[in-house]
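Data first, discussion second: the structure below is written as structure tokens.
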Amino acid sequence: MTSHSQARAGRQSESSPKDNDACCDPLLGSDGAPIIHLKSAETPREKEKEEESSTQGDEDENEQGQDEDDDFPDGGWGWVVTFGCCIIAALVNTVGPCFGILFSRFLKDLGTSSVNVAWIYNARAFTLSLTQLLLGPLVLELGWWRLAFCAGLLVAFGLGASAFAVSAVYLLFSYSLMTGIGSGLEVGLLFTIIPHYFRRKRGIANALMNLGISTGQMAGPLLISYLQGLYGFCGSTLILSAIVLNCCVGASVFHSVEWHTKRRRGRKKSEAERGLVPEEEKGALKAAARFFCHVFQNLKLLRSPRVLVIALGSSLNTTGFLNFLMMAPFALQAAGHSLEESSWCMSVFGLCNLVMRLLVSSLTDWPRFSKRGCYMAGTALAFVSVITFSFLRDLTWAKVVMGLWGCGVGSFMGIHSLIMVEYVGLEKLVSTLGVCGITNGLCFILVGPLIGVIRDVSQSYAVSMWALSGCFATSFGLWLLMPLAVACDRRRERQREAPA
């Protein structure tokens, strides 16, 4: 073996310097002398060791590539979790988006002004959004299924209490506060848990979850209108609260991911079974300290231009979407259409929203699919649809435009969490949702009542819709700036790494 190495050294010394740089022998130094001394003879056992060491490197590389995939069940119990998400998504979306169908007749009988109606609805949206800031710390303390179970109870209890409302102020407590907190936690969990269970099939799982959201938006108005025709406001709201209580059934399947990942399946006791928080860190004061520390860390993400564009764009789109959804039944009834006809318009929106959510979510698994392009196209379509709807009086054309608006909303809401994962990563998803909750809450509490004031001053739903369309236009402009935001973040990262 020594003579063989020397012969190779002789051949290398005769080659050109260029060849030496391109084809240097890893066993030789710069002067051609061996830097690793090999024995002249090898035993069979030593040959076996060499073969094992050569194959060990390849095995380590393969294991390293598989480790990331093993962190995601990508099927199995993940589909059960997805079904639970569908149940919760369908039930929660009969409470919020169906506000106009659920309370329009009751609030009209009370003579409630548009400003007060806007305050009730947007106070709930504000509470829902702000609650998502607390999602990360609460998941750490309670786990997924306990938090989802308690949130489902709160939504059902708040809706049941709303059945006995005697004034608009009462609804601020029962509907806006109680269902807002519960719905905020449930919605945050839905957008968080799916990406943790899936990687390669994340788009399909997200599409199925969006199926539940759109089912609630599509079937909810018809169900509420039917129940109110039979049992009146109080009876129908109580029945609806009992139906919503099935959120607890969906929450019962929210196991910790560690129970079902391949790498941890062989362990005697998983981290989830040992507890989410180590025993030495448990206690009320330490829990409170962790809680506020997590909230503060979430707020620090606002220094990132990428997160800022995502948060503001998402907030403006959500504010425009939900406020128009609340306003449309009132506008249709003001135009002379019945509550049942208004319900059918909302169901058309729900159907088109469902189709588009399923389509865009499934397409996200295609490598060439542009999530940013889809998000911006949906925002532009929603803007045009709201402007067009404000000029319509015919019910047939109103249904057509509501369908187009549903396609636009489905295009950007269908990839709401997936576009966050693309720009900030899975590890920052929960924190980014919390930051979006803050900006959502501020938009709802500032823009929503302002739209109500415009409606009361102008005595026109059309004027308030024009103002509402500005939310979509501003969001579109912000997403145009996303490439600049990404470049700014990368420049900051290079500057931080430069001294090291």
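Labels used: A, B, ... for chains in the order of the structure tokens, numbers from 1 for residues in each chain, and numbers from 1 for ligands as shown.
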- Message: With only C-alpha atoms as the counted atoms, please give the residues lying no more than 7 Å from range 475-485 of chain A, apart from itself and same-chain residues fewer than 4 positions off, as a VMD selection string.
- Response: chain A and resid 305 to 306 309 313 316 to 317 376 379 to 380 471 489
Next, the residues of the selection above should be written as a PDB file, in the first residue's frame with C-alpha atoms.
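This is the output file result.pdb:
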```
ATOM      1  CA  PRO A 305     -40.654  43.872   7.066  1.00  0.00           C
ATOM      2  CA  ARG A 306     -41.868  40.458   5.860  1.00  0.00           C
ATOM      3  CA  VAL A 309     -46.473  43.032   5.200  1.00  0.00           C
ATOM      4  CA  GLY A 313     -52.140  42.668   4.405  1.00  0.00           C
ATOM      5  CA  LEU A 316     -56.953  44.521   5.872  1.00  0.00           C
ATOM      6  CA  ASN A 317     -58.223  41.575   3.843  1.00  0.00           C
ATOM      7  CA  MET A 376     -52.870  39.097  -4.837  1.00  0.00           C
ATOM      8  CA  THR A 379     -57.493  40.357  -3.284  1.00  0.00           C
ATOM      9  CA  ALA A 380     -57.970  42.165  -6.607  1.00  0.00           C
ATOM     10  CA  CYS A 471     -59.049  47.675   2.576  1.00  0.00           C
ATOM     11  CA  ASP A 489     -34.682  41.093   5.819  1.00  0.00           C
TER      12      ASP A 489
END
```
For the interface of range 118-217 of chain A with range 452-469 of chain A (cut-off 12 Å, counting only C-alpha atoms), please tabulate each contacting residue of range 118-217 of chain A alongside its nearest pair of atoms and their separation in Å to one decimal, rows sorted by chain and increasing number, as CSV.
```
residue,atom,partner,partner_atom,distance
A:Ala118,CA,A:Gly452,CA,5.6
A:Trp119,CA,A:Gly452,CA,8.2
A:Ile120,CA,A:Gly452,CA,10.9
A:Tyr121,CA,A:Gly452,CA,10.7
A:Asn122,CA,A:Gly452,CA,10.3
```
- Query: With only C-alpha atoms as the basis for distance, which of A:Thr474, A:Gln217, A:Thr388, A:Ser114 is at the shortest distance from Met327 in chain A?
  - Reply: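 Looking only at the distances to Met327 in chain A, the closest residue turns out to be A:Ser114.
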- Task: Kindly indicate which residue among A:Ala205, A:Val348, A:Cys443, A:Cys293 lies nearest to Gly76 in chain A, using only C-alpha atoms for the distances.
- Result: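 Checking each candidate against Gly76 in chain A, we get A:Ala205 as the closest.
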- Query: Hey, which of A:Ser417, A:Ile181, A:Ala251, A:Arg393 ends up closest to Gln333 in chain A? Count only C-alpha atoms.
  - Reply: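 Between A:Ser417, A:Ile181, A:Ala251, A:Arg393, the residue approaching Gln333 in chain A most closely is A:Arg393.
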- Message: Restricting the calculation to only C-alpha atoms: of A:Tyr375, A:Thr319, A:Met346, A:Gly96, which residue gets closest to Met218 in chain A?
- Response: A:Met346
- Task: Write out as a PyMOL selection string each polymer residue whose atoms come within 7 Å of Ala207 in chain A, counting only C-alpha atoms; drop sequence neighbours fewer than 6 positions from it.
- Result: chain A and resi 357-358+361-362
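Each of A:Phe103, A:Phe149, A:Trp77, A:Phe157 was compared to Leu238 in chain A using only C-alpha atoms, and A:Phe157 turns out to be the nearest.
Residue nearest Ile419 in chain A, chosen from A:Cys85, A:Ile310, A:Ala335, A:Val95 and counting only C-alpha atoms: A:Ile310.
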- To one decimal in Å, tell me the separation between CA of Cys234 in chain A and CA of Cys248 in chain A. 22.9 Å
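Look at Val355 in chain A: the protein and nucleic acid residues within 12 Å of it, using only C-alpha atoms and passing over chain neighbours fewer than 6 places away, are Ala207, Leu208, Asn210, Leu211, Gly212, Ile213, Ser214, Thr215, Met218, Val348, Phe349, Ser361, Ser362, Gly403, Leu404, Gly406, Cys407, Gly408, Val409, Gly410, Ser411 and Gly414 of chain A.
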Put those residues in a file: N, CA and C atoms, as a CSV table (one decimal), in the first residue's frame.
```csv
chain,number,residue,atom,x,y,z
A,207,ALA,N,-56.7,22.0,2.4
A,207,ALA,CA,-57.9,22.1,1.6
A,207,ALA,C,-59.1,21.4,2.3
A,208,LEU,N,-58.8,20.3,3.0
A,208,LEU,CA,-59.9,19.6,3.7
A,208,LEU,C,-60.4,20.5,4.9
A,210,ASN,N,-60.2,23.7,5.0
A,210,ASN,CA,-61.0,24.8,4.4
A,210,ASN,C,-62.4,24.3,3.9
A,211,LEU,N,-62.5,23.0,3.6
A,211,LEU,CA,-63.8,22.5,3.3
A,211,LEU,C,-64.8,22.7,4.5
A,212,GLY,N,-64.3,22.5,5.7
A,212,GLY,CA,-65.1,22.7,6.9
A,212,GLY,C,-65.5,24.2,7.0
A,213,ILE,N,-64.5,25.1,6.8
A,213,ILE,CA,-64.8,26.5,6.9
A,213,ILE,C,-65.9,26.9,5.9
A,214,SER,N,-65.7,26.5,4.7
A,214,SER,CA,-66.7,26.9,3.7
A,214,SER,C,-68.1,26.2,3.9
A,215,THR,N,-68.1,25.0,4.4
A,215,THR,CA,-69.3,24.3,4.7
A,215,THR,C,-70.1,25.1,5.7
A,218,MET,N,-71.5,28.1,4.0
A,218,MET,CA,-72.5,27.8,3.0
A,218,MET,C,-73.8,27.3,3.6
A,348,VAL,N,-74.5,31.1,-1.8
A,348,VAL,CA,-73.8,31.1,-3.1
A,348,VAL,C,-72.3,31.5,-2.9
A,349,PHE,N,-72.2,32.6,-2.0
A,349,PHE,CA,-70.8,33.0,-1.6
A,349,PHE,C,-70.1,31.8,-1.0
A,361,SER,N,-55.7,25.5,-2.3
A,361,SER,CA,-55.0,24.7,-1.3
A,361,SER,C,-54.4,23.5,-1.9
A,362,SER,N,-55.1,22.8,-2.7
A,362,SER,CA,-54.5,21.6,-3.4
A,362,SER,C,-53.3,22.0,-4.3
A,403,GLY,N,-70.9,35.3,-5.8
A,403,GLY,CA,-70.1,34.1,-6.2
A,403,GLY,C,-68.7,34.5,-6.6
A,404,LEU,N,-68.5,35.5,-7.4
A,404,LEU,CA,-67.2,36.0,-7.7
A,404,LEU,C,-66.4,36.5,-6.5
A,406,GLY,N,-66.9,35.4,-3.5
A,406,GLY,CA,-66.5,34.2,-2.8
A,406,GLY,C,-65.2,33.5,-3.4
A,407,CYS,N,-65.1,33.6,-4.7
A,407,CYS,CA,-63.9,33.1,-5.4
A,407,CYS,C,-62.6,33.9,-5.0
A,408,GLY,N,-62.8,35.2,-4.9
A,408,GLY,CA,-61.7,36.1,-4.5
A,408,GLY,C,-61.3,35.8,-3.0
A,409,VAL,N,-62.3,35.7,-2.2
A,409,VAL,CA,-62.0,35.5,-0.7
A,409,VAL,C,-61.4,34.1,-0.5
A,410,GLY,N,-61.9,33.1,-1.3
A,410,GLY,CA,-61.3,31.8,-1.2
A,410,GLY,C,-59.9,31.7,-1.6
A,411,SER,N,-59.5,32.6,-2.6
A,411,SER,CA,-58.1,32.5,-3.1
A,411,SER,C,-57.1,33.0,-2.1
A,414,GLY,N,-57.8,30.8,1.6
A,414,GLY,CA,-57.5,29.4,1.4
A,414,GLY,C,-56.0,29.1,1.7
```
